[in-house]
Amino acid sequence: MSSTTTAGLPFSKASGSDFARLSRKIADAGLLGRRPGYYALRIAAVAGLYVSGWAAVALVGDSWWTLAVAAFLAVVFGQVALLAHDAAHRQVFRLRRASEVSGRIAGTGIGMGYGWWQDKHTRHHANPNHDELDPDLDPDLLVWSQEQARAAKGLPRLIGRWQAFLFFPLLTLEGFNLHVSSVKALANRSLKHRTLDGALLFAHFAVYLTVLLWLLPPTMAIAFIAVHQGLFGLYLGSLFAPNHKGMPILTGKDRPDFLRRQVLTSRNVRGGLFTDIALGGLNHQIEHHLFPSMPSPNLRRARAIVRRHCQELDVDYAETGLLTSYRLALASLHQAGAPLRHARVPA
């Protein structure tokens, strides 16, 4: 089978049927069907933890032990975000209406604009790790390639020099960034349901702040927000960092076929049940990108089929441990910032 290369990513001239054959294997294994029992249990568990967390804030009250509850709620907010993600991909419900309603409810629970996030995430899935088309590679604070580093100005130029060392500390701001980006997106007139999203977003902020200021002294409330939002951001960022960072970046007209575009720009993370729960199935990133509507509990079973199919096609299938995935992501960030470290500093 003859082949060529796009941005260092191999693809075959007959590759148009490669994904179709894989899809048939996945469908024959029954892995695309809904999992209502699983999601009913998961939603009930997360909802119970969410309510219990806020009840604990009320019970602990005016005590610095409430910061431990803030840390607990940071993890719960991360789990709610993962449910919103699954709902947006129609993993929970097949119908769009039910998916949007459930996703919007989950998004409201953590202060996320559902319409903004869904649009952004859809564009990411269509063109993962493409420096012009993937919104996750926008150099708004960090630079993801040496080309972006050479063109960087302002904060990305300042931070980019040592961004690998600053990456995890900066993730503590990701929760706040989620809220700010959601609010800023409301100015976009093309955003669907932006009035509804805005109303739900500000309702969340109002209830969140009112509850904290009612139950806690102002200083303690501020400390609670810092711990809760900081750890929520750290958890959220740590969920997504292993998936694509350090994998090949596409540029310009680079566009391998669908299967290779998804597989070669994604990385899986090895682990067991705890990893599946903590990362919400996103540790099976390759399978998720190939079949985004597949319920997350089915991704582990799909892994063996996808990996074998990639081996037959001689397509690289990247899989590492969690710590190694972070090391590769940080190494990629450090390499991307190299032009800024070597640039002359103005007198």
# chains A, B, ... in the order shown; residues from 1 in each chain; ligands from 1
call {"tool": "residues_around", "arguments": {"residues": "stretch 282-289 of chain A", "least_positions_apart": "2", "cutoff": "6 Å", "atoms": "only C-alpha atoms", "output": "list of chain:residue names"}}
result
A:Gln262, A:Val263, A:Ser266, A:Asn268, A:Val269, A:Leu279, A:Gly280, A:Phe291, A:Pro292
call {"tool": "residues_around", "arguments": {"residues": "stretch 78-84 of chain A", "least_positions_apart": "2", "cutoff": "7 Å", "atoms": "only C-alpha atoms", "output": "ChimeraX atom specification"}}
result
/A:46,74-76,86-88,103,106-107,232,235-236,280
call {"tool": "write_last_selection", "arguments": {"atoms": "C-alpha atoms", "output": "CSV table (one decimal), in the first residue's frame"}}
result
chain,number,residue,atom,x,y,z
A,46,VAL,CA,-22.2,13.0,41.7
A,74,ALA,CA,-13.3,21.2,43.9
A,75,VAL,CA,-13.1,17.5,43.1
A,76,VAL,CA,-16.9,17.2,42.9
A,86,ASP,CA,-20.4,13.4,28.4
A,87,ALA,CA,-23.9,15.0,28.0
A,88,ALA,CA,-22.6,17.4,25.3
A,103,GLY,CA,-25.5,19.5,29.8
A,106,ALA,CA,-24.5,20.4,34.8
A,107,GLY,CA,-22.7,23.5,33.3
A,232,PHE,CA,-11.0,23.0,40.8
A,235,TYR,CA,-8.1,19.3,38.7
A,236,LEU,CA,-9.8,20.4,35.5
A,280,GLY,CA,-13.8,10.4,33.6
call {"tool": "residues_around", "arguments": {"residues": "A:His193", "least_positions_apart": "2", "cutoff": "12 Å", "atoms": "only C-alpha atoms", "output": "VMD selection string"}}
result
chain A and resid 100 to 101 104 113 to 116 118 to 119 185 to 191 195 to 200
call {"tool": "closest_residue", "arguments": {"among": "A:Leu259, A:Leu201, A:Leu173, A:Val211", "to": "A:Arg21", "atoms": "only C-alpha atoms"}}
result
A:Leu259
call {"tool": "residues_around", "arguments": {"residues": "stretch 317-320 of chain A", "least_positions_apart": "5", "cutoff": "12 Å", "atoms": "only C-alpha atoms", "output": "PDB file with C-alpha atoms, in the first residue's frame"}}
result
ATOM      1  CA  PRO A 242      -2.227  14.458  29.228  1.00  0.00           C
ATOM      2  CA  ASN A 243      -4.467  14.115  26.182  1.00  0.00           C
ATOM      3  CA  HIS A 244      -2.797  16.086  23.371  1.00  0.00           C
ATOM      4  CA  GLY A 246       3.376  16.830  23.460  1.00  0.00           C
ATOM      5  CA  MET A 247       1.703  15.105  20.505  1.00  0.00           C
ATOM      6  CA  PRO A 248       2.259  16.213  16.859  1.00  0.00           C
ATOM      7  CA  LEU A 259      -8.657   8.170  11.746  1.00  0.00           C
ATOM      8  CA  ARG A 260      -5.048   9.360  11.651  1.00  0.00           C
ATOM      9  CA  ARG A 261      -5.992  12.939  12.528  1.00  0.00           C
ATOM     10  CA  GLN A 262      -7.573  11.708  15.748  1.00  0.00           C
ATOM     11  CA  VAL A 263      -5.196   8.883  16.685  1.00  0.00           C
ATOM     12  CA  LEU A 264      -1.850  10.517  15.933  1.00  0.00           C
ATOM     13  CA  THR A 265      -2.624  13.722  17.835  1.00  0.00           C
ATOM     14  CA  SER A 266      -4.023  11.981  20.944  1.00  0.00           C
ATOM     15  CA  ARG A 267      -2.502  10.068  23.844  1.00  0.00           C
ATOM     16  CA  ASN A 268      -4.039   7.455  26.122  1.00  0.00           C
ATOM     17  CA  VAL A 269      -3.209   7.095  29.810  1.00  0.00           C
ATOM     18  CA  ARG A 270      -2.842   3.641  31.309  1.00  0.00           C
ATOM     19  CA  GLY A 271      -4.648   2.803  34.530  1.00  0.00           C
ATOM     20  CA  ASN A 283      -7.688   8.574  29.759  1.00  0.00           C
ATOM     21  CA  HIS A 284      -9.001   6.660  26.715  1.00  0.00           C
ATOM     22  CA  GLN A 285      -8.555   9.792  24.620  1.00  0.00           C
ATOM     23  CA  ILE A 286      -7.882   8.034  21.319  1.00  0.00           C
ATOM     24  CA  GLU A 287     -11.102   6.037  21.486  1.00  0.00           C
ATOM     25  CA  ARG A 303      -9.337   0.211  23.389  1.00  0.00           C
ATOM     26  CA  ALA A 304      -8.294  -3.335  22.474  1.00  0.00           C
ATOM     27  CA  ILE A 305     -10.171  -3.181  19.158  1.00  0.00           C
ATOM     28  CA  VAL A 306      -8.799   0.244  18.226  1.00  0.00           C
ATOM     29  CA  ARG A 307      -5.238  -0.616  19.231  1.00  0.00           C
ATOM     30  CA  ARG A 308      -5.270  -3.826  17.190  1.00  0.00           C
ATOM     31  CA  HIS A 309      -6.715  -1.982  14.194  1.00  0.00           C
ATOM     32  CA  CYS A 310      -3.980   0.673  14.418  1.00  0.00           C
ATOM     33  CA  GLN A 311      -1.316  -2.038  14.594  1.00  0.00           C
ATOM     34  CA  GLU A 312      -2.711  -3.597  11.420  1.00  0.00           C
ATOM     35  CA  SER A 325       2.091  11.926  30.119  1.00  0.00           C
ATOM     36  CA  TYR A 326       2.640  14.992  32.299  1.00  0.00           C
ATOM     37  CA  ARG A 327       6.396  14.778  31.774  1.00  0.00           C
ATOM     38  CA  LEU A 328       5.927  14.684  27.994  1.00  0.00           C
ATOM     39  CA  ALA A 329       3.499  17.612  28.118  1.00  0.00           C
TER      40      ALA A 329
END
call {"tool": "closest_residue", "arguments": {"among": "A:Gln163, A:Pro135, A:Ala70, A:Arg90", "to": "A:Leu212", "atoms": "only C-alpha atoms"}}
result
A:Ala70
call {"tool": "atom_distance", "arguments": {"atom1": "atom CA of A:Gln91", "atom2": "atom CA of A:Arg35"}}
result
8.2 Å
call {"tool": "select_by_dssp", "arguments": {"residues": "stretch 100-164 of chain A", "states": "alpha helix (DSSP H)", "output": "PyMOL selection string"}}
result
chain A and resi 100-110+114-126+146-151+154-160+163-164
call {"tool": "write_last_selection", "arguments": {"atoms": "N, CA and C atoms", "output": "tab-separated table (two decimals), in the first residue's frame"}}
result
chain	number	residue	atom	x	y	z
A	100	GLU	N	-28.77	18.58	25.57
A	100	GLU	CA	-28.55	20.00	25.83
A	100	GLU	C	-29.07	20.41	27.21
A	101	VAL	N	-30.25	19.91	27.56
A	101	VAL	CA	-30.84	20.26	28.85
A	101	VAL	C	-29.96	19.75	29.99
A	102	SER	N	-29.55	18.48	29.92
A	102	SER	CA	-28.72	17.90	30.98
A	102	SER	C	-27.35	18.55	31.03
A	103	GLY	N	-26.77	18.83	29.86
A	103	GLY	CA	-25.47	19.49	29.81
A	103	GLY	C	-25.52	20.90	30.36
A	104	ARG	N	-26.62	21.59	30.07
A	104	ARG	CA	-26.76	22.98	30.57
A	104	ARG	C	-26.96	22.99	32.08
A	105	ILE	N	-27.69	22.02	32.61
A	105	ILE	CA	-27.88	21.93	34.06
A	105	ILE	C	-26.53	21.68	34.74
A	106	ALA	N	-25.76	20.73	34.20
A	106	ALA	CA	-24.45	20.43	34.78
A	106	ALA	C	-23.52	21.64	34.67
A	107	GLY	N	-23.54	22.30	33.51
A	107	GLY	CA	-22.70	23.49	33.33
A	107	GLY	C	-23.06	24.60	34.30
A	108	THR	N	-24.35	24.79	34.53
A	108	THR	CA	-24.80	25.81	35.49
A	108	THR	C	-24.30	25.49	36.89
A	109	GLY	N	-24.25	24.21	37.23
A	109	GLY	CA	-23.82	23.81	38.56
A	109	GLY	C	-22.38	24.18	38.88
A	110	ILE	N	-21.55	24.39	37.85
A	110	ILE	CA	-20.14	24.75	38.08
A	110	ILE	C	-19.79	26.14	37.56
A	114	TYR	N	-22.58	26.83	28.89
A	114	TYR	CA	-22.65	25.59	28.12
A	114	TYR	C	-22.48	25.82	26.63
A	115	GLY	N	-23.16	26.83	26.07
A	115	GLY	CA	-23.08	27.09	24.63
A	115	GLY	C	-21.67	27.43	24.18
A	116	TRP	N	-20.99	28.29	24.96
A	116	TRP	CA	-19.61	28.65	24.63
A	116	TRP	C	-18.71	27.43	24.65
A	117	TRP	N	-18.81	26.63	25.72
A	117	TRP	CA	-17.92	25.48	25.84
A	117	TRP	C	-18.20	24.45	24.75
A	118	GLN	N	-19.46	24.20	24.45
A	118	GLN	CA	-19.80	23.20	23.44
A	118	GLN	C	-19.24	23.60	22.08
A	119	ASP	N	-19.37	24.87	21.72
A	119	ASP	CA	-18.84	25.35	20.44
A	119	ASP	C	-17.33	25.18	20.39
A	120	LYS	N	-16.66	25.58	21.45
A	120	LYS	CA	-15.21	25.47	21.52
A	120	LYS	C	-14.75	24.02	21.45
A	121	HIS	N	-15.41	23.15	22.18
A	121	HIS	CA	-15.00	21.75	22.24
A	121	HIS	C	-15.29	21.03	20.93
A	122	THR	N	-16.37	21.40	20.25
A	122	THR	CA	-16.68	20.80	18.96
A	122	THR	C	-15.60	21.14	17.95
A	123	ARG	N	-15.13	22.38	17.95
A	123	ARG	CA	-14.05	22.78	17.04
A	123	ARG	C	-12.75	22.06	17.36
A	124	HIS	N	-12.51	21.81	18.64
A	124	HIS	CA	-11.32	21.06	19.03
A	124	HIS	C	-11.39	19.64	18.48
A	125	HIS	N	-12.53	18.98	18.59
A	125	HIS	CA	-12.65	17.61	18.12
A	125	HIS	C	-12.50	17.52	16.61
A	126	ALA	N	-12.95	18.53	15.89
A	126	ALA	CA	-12.86	18.50	14.43
A	126	ALA	C	-11.41	18.62	13.96
A	146	GLN	N	7.06	26.50	18.68
A	146	GLN	CA	8.11	27.51	18.56
A	146	GLN	C	7.69	28.63	17.62
A	147	GLU	N	6.83	28.31	16.63
A	147	GLU	CA	6.33	29.36	15.73
A	147	GLU	C	5.49	30.36	16.53
A	148	GLN	N	4.64	29.86	17.42
A	148	GLN	CA	3.85	30.76	18.26
A	148	GLN	C	4.77	31.56	19.18
A	149	ALA	N	5.82	30.95	19.67
A	149	ALA	CA	6.76	31.65	20.56
A	149	ALA	C	7.43	32.81	19.85
A	150	ARG	N	7.83	32.60	18.61
A	150	ARG	CA	8.51	33.67	17.86
A	150	ARG	C	7.59	34.85	17.59
A	151	ALA	N	6.28	34.57	17.49
A	151	ALA	CA	5.32	35.65	17.22
A	151	ALA	C	4.69	36.21	18.49
A	154	GLY	N	3.37	40.35	24.69
A	154	GLY	CA	2.67	40.49	25.96
A	154	GLY	C	2.94	39.32	26.90
A	155	LEU	N	1.86	38.88	27.59
A	155	LEU	CA	2.00	37.82	28.59
A	155	LEU	C	2.54	36.51	28.03
A	156	PRO	N	2.07	36.04	26.86
A	156	PRO	CA	2.63	34.79	26.33
A	156	PRO	C	4.14	34.88	26.12
A	157	ARG	N	4.62	36.04	25.71
A	157	ARG	CA	6.06	36.19	25.52
A	157	ARG	C	6.80	36.18	26.86
A	158	LEU	N	6.19	36.79	27.87
A	158	LEU	CA	6.81	36.84	29.19
A	158	LEU	C	6.78	35.47	29.86
A	159	ILE	N	5.62	34.84	29.84
A	159	ILE	CA	5.45	33.55	30.52
A	159	ILE	C	6.09	32.41	29.75
A	160	GLY	N	6.07	32.52	28.42
A	160	GLY	CA	6.51	31.41	27.59
A	160	GLY	C	7.93	30.94	27.84
A	163	GLN	N	7.39	28.52	30.82
A	163	GLN	CA	6.01	28.06	30.97
A	163	GLN	C	5.92	26.62	31.48
A	164	ALA	N	6.91	25.80	31.19
A	164	ALA	CA	6.85	24.42	31.69
A	164	ALA	C	6.89	24.38	33.22
call {"tool": "closest_residue", "arguments": {"among": "A:Asp140, A:Asp316, A:Asp134, A:Asp257", "to": "A:Phe19", "atoms": "only C-alpha atoms"}}
result
A:Asp257
call {"tool": "atom_distance", "arguments": {"atom1": "atom CA of A:Arg97", "atom2": "atom CA of A:Ala47"}}
result
20.8 Å
call {"tool": "closest_residue", "arguments": {"among": "A:Gly111, A:Pro169, A:Gly272, A:Gly53", "to": "A:Leu322", "atoms": "only C-alpha atoms"}}
result
A:Gly272
call {"tool": "residues_around", "arguments": {"residues": "A:Glu132", "least_positions_apart": "5", "cutoff": "8 Å", "atoms": "only C-alpha atoms", "output": "list in words"}}
result
Leu137, Asp138, Thr251 and Gly252 of chain A
call {"tool": "write_last_selection", "arguments": {"atoms": "N, CA, C and O atoms", "output": "mmCIF file, in the first residue's frame"}}
result
data_model
loop_
_atom_site.group_PDB
_atom_site.id
_atom_site.type_symbol
_atom_site.label_atom_id
_atom_site.label_comp_id
_atom_site.auth_asym_id
_atom_site.auth_seq_id
_atom_site.Cartn_x
_atom_site.Cartn_y
_atom_site.Cartn_z
ATOM 1 N N LEU A 137 -5.350 25.423 21.256
ATOM 2 C CA LEU A 137 -3.967 25.811 20.987
ATOM 3 C C LEU A 137 -3.827 27.317 20.768
ATOM 4 O O LEU A 137 -2.785 27.781 20.298
ATOM 5 N N ASP A 138 -4.864 28.070 21.098
ATOM 6 C CA ASP A 138 -4.743 29.525 21.003
ATOM 7 C C ASP A 138 -3.680 30.008 21.995
ATOM 8 O O ASP A 138 -3.729 29.655 23.175
ATOM 9 N N THR A 251 -0.225 21.991 11.062
ATOM 10 C CA THR A 251 -0.163 23.388 10.651
ATOM 11 C C THR A 251 -0.718 23.539 9.238
ATOM 12 O O THR A 251 -0.748 22.582 8.459
ATOM 13 N N GLY A 252 -1.126 24.754 8.902
ATOM 14 C CA GLY A 252 -1.542 25.068 7.538
ATOM 15 C C GLY A 252 -2.587 24.122 6.990
ATOM 16 O O GLY A 252 -3.631 23.905 7.591
#
call {"tool": "atom_distance", "arguments": {"atom1": "atom CA of A:Pro128", "atom2": "atom CA of A:Leu250"}}
result
8.3 Å
call {"tool": "residues_around", "arguments": {"residues": "A:Ser52", "least_positions_apart": "6", "cutoff": "12 Å", "atoms": "only C-alpha atoms", "output": "ChimeraX atom specification"}}
result
/A:44-46,58-60,69-70,72-73,76
call {"tool": "write_last_selection", "arguments": {"atoms": "N, CA and C atoms", "output": "PDB file, in the first residue's frame"}}
result
ATOM      1  N   ALA A  44     -26.578  10.172  39.923  1.00  0.00           N
ATOM      2  CA  ALA A  44     -27.080  10.166  41.304  1.00  0.00           C
ATOM      3  C   ALA A  44     -25.934  10.313  42.296  1.00  0.00           C
ATOM      4  N   ALA A  45     -24.816   9.619  42.041  1.00  0.00           N
ATOM      5  CA  ALA A  45     -23.666   9.687  42.948  1.00  0.00           C
ATOM      6  C   ALA A  45     -23.063  11.085  42.974  1.00  0.00           C
ATOM      7  N   VAL A  46     -22.858  11.666  41.797  1.00  0.00           N
ATOM      8  CA  VAL A  46     -22.244  13.002  41.728  1.00  0.00           C
ATOM      9  C   VAL A  46     -23.184  14.047  42.309  1.00  0.00           C
ATOM     10  N   ALA A  58     -22.460  24.240  55.289  1.00  0.00           N
ATOM     11  CA  ALA A  58     -23.400  24.786  56.270  1.00  0.00           C
ATOM     12  C   ALA A  58     -23.151  24.214  57.663  1.00  0.00           C
ATOM     13  N   LEU A  59     -22.836  22.919  57.751  1.00  0.00           N
ATOM     14  CA  LEU A  59     -22.630  22.280  59.048  1.00  0.00           C
ATOM     15  C   LEU A  59     -21.319  22.708  59.702  1.00  0.00           C
ATOM     16  N   VAL A  60     -20.256  22.778  58.914  1.00  0.00           N
ATOM     17  CA  VAL A  60     -18.956  23.182  59.462  1.00  0.00           C
ATOM     18  C   VAL A  60     -18.966  24.662  59.804  1.00  0.00           C
ATOM     19  N   VAL A  69     -13.574  21.240  53.113  1.00  0.00           N
ATOM     20  CA  VAL A  69     -14.791  21.030  52.324  1.00  0.00           C
ATOM     21  C   VAL A  69     -14.641  21.679  50.954  1.00  0.00           C
ATOM     22  N   ALA A  70     -13.963  22.832  50.910  1.00  0.00           N
ATOM     23  CA  ALA A  70     -13.711  23.512  49.635  1.00  0.00           C
ATOM     24  C   ALA A  70     -12.902  22.606  48.705  1.00  0.00           C
ATOM     25  N   PHE A  72     -12.815  19.320  48.828  1.00  0.00           N
ATOM     26  CA  PHE A  72     -13.721  18.237  48.428  1.00  0.00           C
ATOM     27  C   PHE A  72     -14.634  18.686  47.294  1.00  0.00           C
ATOM     28  N   LEU A  73     -15.197  19.883  47.421  1.00  0.00           N
ATOM     29  CA  LEU A  73     -16.098  20.390  46.387  1.00  0.00           C
ATOM     30  C   LEU A  73     -15.365  20.681  45.073  1.00  0.00           C
ATOM     31  N   VAL A  76     -15.564  17.479  43.326  1.00  0.00           N
ATOM     32  CA  VAL A  76     -16.940  17.248  42.893  1.00  0.00           C
ATOM     33  C   VAL A  76     -17.266  18.111  41.671  1.00  0.00           C
TER      34      VAL A  76
END
call {"tool": "closest_residue", "arguments": {"among": "A:Leu171, A:Ala40, A:Leu67, A:Ala55", "to": "A:Met220", "atoms": "only C-alpha atoms"}}
result
A:Leu67
call {"tool": "decode", "arguments": {"residues": "stretch 300-318 of chain A", "atoms": "N, CA, C and O atoms", "output": "PDB file, in the first residue's frame"}}
result
ATOM      1  N   ARG A 300     -12.984   1.634  27.524  1.00  0.00           N
ATOM      2  CA  ARG A 300     -11.944   0.670  27.878  1.00  0.00           C
ATOM      3  C   ARG A 300     -12.049  -0.592  27.016  1.00  0.00           C
ATOM      4  O   ARG A 300     -11.034  -1.134  26.574  1.00  0.00           O
ATOM      5  N   ARG A 301     -13.260  -1.051  26.775  1.00  0.00           N
ATOM      6  CA  ARG A 301     -13.449  -2.241  25.927  1.00  0.00           C
ATOM      7  C   ARG A 301     -13.096  -1.942  24.479  1.00  0.00           C
ATOM      8  O   ARG A 301     -12.573  -2.804  23.762  1.00  0.00           O
ATOM      9  N   ALA A 302     -13.342  -0.704  24.046  1.00  0.00           N
ATOM     10  CA  ALA A 302     -13.035  -0.331  22.659  1.00  0.00           C
ATOM     11  C   ALA A 302     -11.525  -0.246  22.432  1.00  0.00           C
ATOM     12  O   ALA A 302     -11.053  -0.417  21.305  1.00  0.00           O
ATOM     13  N   ARG A 303     -10.782   0.006  23.499  1.00  0.00           N
ATOM     14  CA  ARG A 303      -9.337   0.211  23.389  1.00  0.00           C
ATOM     15  C   ARG A 303      -8.638  -0.949  22.683  1.00  0.00           C
ATOM     16  O   ARG A 303      -7.804  -0.741  21.786  1.00  0.00           O
ATOM     17  N   ALA A 304      -8.960  -2.172  23.069  1.00  0.00           N
ATOM     18  CA  ALA A 304      -8.294  -3.335  22.474  1.00  0.00           C
ATOM     19  C   ALA A 304      -8.566  -3.421  20.976  1.00  0.00           C
ATOM     20  O   ALA A 304      -7.669  -3.727  20.180  1.00  0.00           O
ATOM     21  N   ILE A 305      -9.801  -3.114  20.576  1.00  0.00           N
ATOM     22  CA  ILE A 305     -10.171  -3.181  19.158  1.00  0.00           C
ATOM     23  C   ILE A 305      -9.444  -2.096  18.384  1.00  0.00           C
ATOM     24  O   ILE A 305      -8.888  -2.344  17.302  1.00  0.00           O
ATOM     25  N   VAL A 306      -9.434  -0.879  18.919  1.00  0.00           N
ATOM     26  CA  VAL A 306      -8.799   0.244  18.226  1.00  0.00           C
ATOM     27  C   VAL A 306      -7.290   0.033  18.135  1.00  0.00           C
ATOM     28  O   VAL A 306      -6.676   0.260  17.085  1.00  0.00           O
ATOM     29  N   ARG A 307      -6.693  -0.415  19.225  1.00  0.00           N
ATOM     30  CA  ARG A 307      -5.238  -0.616  19.231  1.00  0.00           C
ATOM     31  C   ARG A 307      -4.832  -1.675  18.203  1.00  0.00           C
ATOM     32  O   ARG A 307      -3.848  -1.495  17.467  1.00  0.00           O
ATOM     33  N   ARG A 308      -5.576  -2.768  18.153  1.00  0.00           N
ATOM     34  CA  ARG A 308      -5.270  -3.826  17.190  1.00  0.00           C
ATOM     35  C   ARG A 308      -5.439  -3.320  15.752  1.00  0.00           C
ATOM     36  O   ARG A 308      -4.623  -3.622  14.871  1.00  0.00           O
ATOM     37  N   HIS A 309      -6.465  -2.535  15.530  1.00  0.00           N
ATOM     38  CA  HIS A 309      -6.715  -1.982  14.194  1.00  0.00           C
ATOM     39  C   HIS A 309      -5.568  -1.058  13.785  1.00  0.00           C
ATOM     40  O   HIS A 309      -5.119  -1.092  12.637  1.00  0.00           O
ATOM     41  N   CYS A 310      -5.091  -0.236  14.719  1.00  0.00           N
ATOM     42  CA  CYS A 310      -3.980   0.673  14.418  1.00  0.00           C
ATOM     43  C   CYS A 310      -2.703  -0.110  14.134  1.00  0.00           C
ATOM     44  O   CYS A 310      -1.915   0.274  13.254  1.00  0.00           O
ATOM     45  N   GLN A 311      -2.488  -1.199  14.843  1.00  0.00           N
ATOM     46  CA  GLN A 311      -1.316  -2.038  14.594  1.00  0.00           C
ATOM     47  C   GLN A 311      -1.376  -2.635  13.191  1.00  0.00           C
ATOM     48  O   GLN A 311      -0.354  -2.704  12.491  1.00  0.00           O
ATOM     49  N   GLU A 312      -2.553  -3.050  12.771  1.00  0.00           N
ATOM     50  CA  GLU A 312      -2.711  -3.597  11.420  1.00  0.00           C
ATOM     51  C   GLU A 312      -2.400  -2.564  10.353  1.00  0.00           C
ATOM     52  O   GLU A 312      -1.893  -2.898   9.272  1.00  0.00           O
ATOM     53  N   LEU A 313      -2.696  -1.296  10.637  1.00  0.00           N
ATOM     54  CA  LEU A 313      -2.470  -0.205   9.686  1.00  0.00           C
ATOM     55  C   LEU A 313      -1.089   0.429   9.847  1.00  0.00           C
ATOM     56  O   LEU A 313      -0.749   1.337   9.086  1.00  0.00           O
ATOM     57  N   ASP A 314      -0.318  -0.029  10.844  1.00  0.00           N
ATOM     58  CA  ASP A 314       0.990   0.567  11.161  1.00  0.00           C
ATOM     59  C   ASP A 314       0.835   2.049  11.521  1.00  0.00           C
ATOM     60  O   ASP A 314       1.631   2.895  11.112  1.00  0.00           O
ATOM     61  N   VAL A 315      -0.202   2.351  12.291  1.00  0.00           N
ATOM     62  CA  VAL A 315      -0.448   3.707  12.790  1.00  0.00           C
ATOM     63  C   VAL A 315      -0.040   3.755  14.260  1.00  0.00           C
ATOM     64  O   VAL A 315      -0.490   2.923  15.050  1.00  0.00           O
ATOM     65  N   ASP A 316       0.813   4.696  14.611  1.00  0.00           N
ATOM     66  CA  ASP A 316       1.281   4.800  15.994  1.00  0.00           C
ATOM     67  C   ASP A 316       0.111   5.023  16.951  1.00  0.00           C
ATOM     68  O   ASP A 316      -0.756   5.868  16.710  1.00  0.00           O
ATOM     69  N   TYR A 317       0.104   4.270  18.033  1.00  0.00           N
ATOM     70  CA  TYR A 317      -0.936   4.349  19.056  1.00  0.00           C
ATOM     71  C   TYR A 317      -0.220   4.704  20.360  1.00  0.00           C
ATOM     72  O   TYR A 317       0.464   3.873  20.957  1.00  0.00           O
ATOM     73  N   ALA A 318      -0.343   5.962  20.785  1.00  0.00           N
ATOM     74  CA  ALA A 318       0.416   6.450  21.940  1.00  0.00           C
ATOM     75  C   ALA A 318      -0.323   6.168  23.236  1.00  0.00           C
ATOM     76  O   ALA A 318      -1.500   6.514  23.381  1.00  0.00           O
TER      77      ALA A 318
END
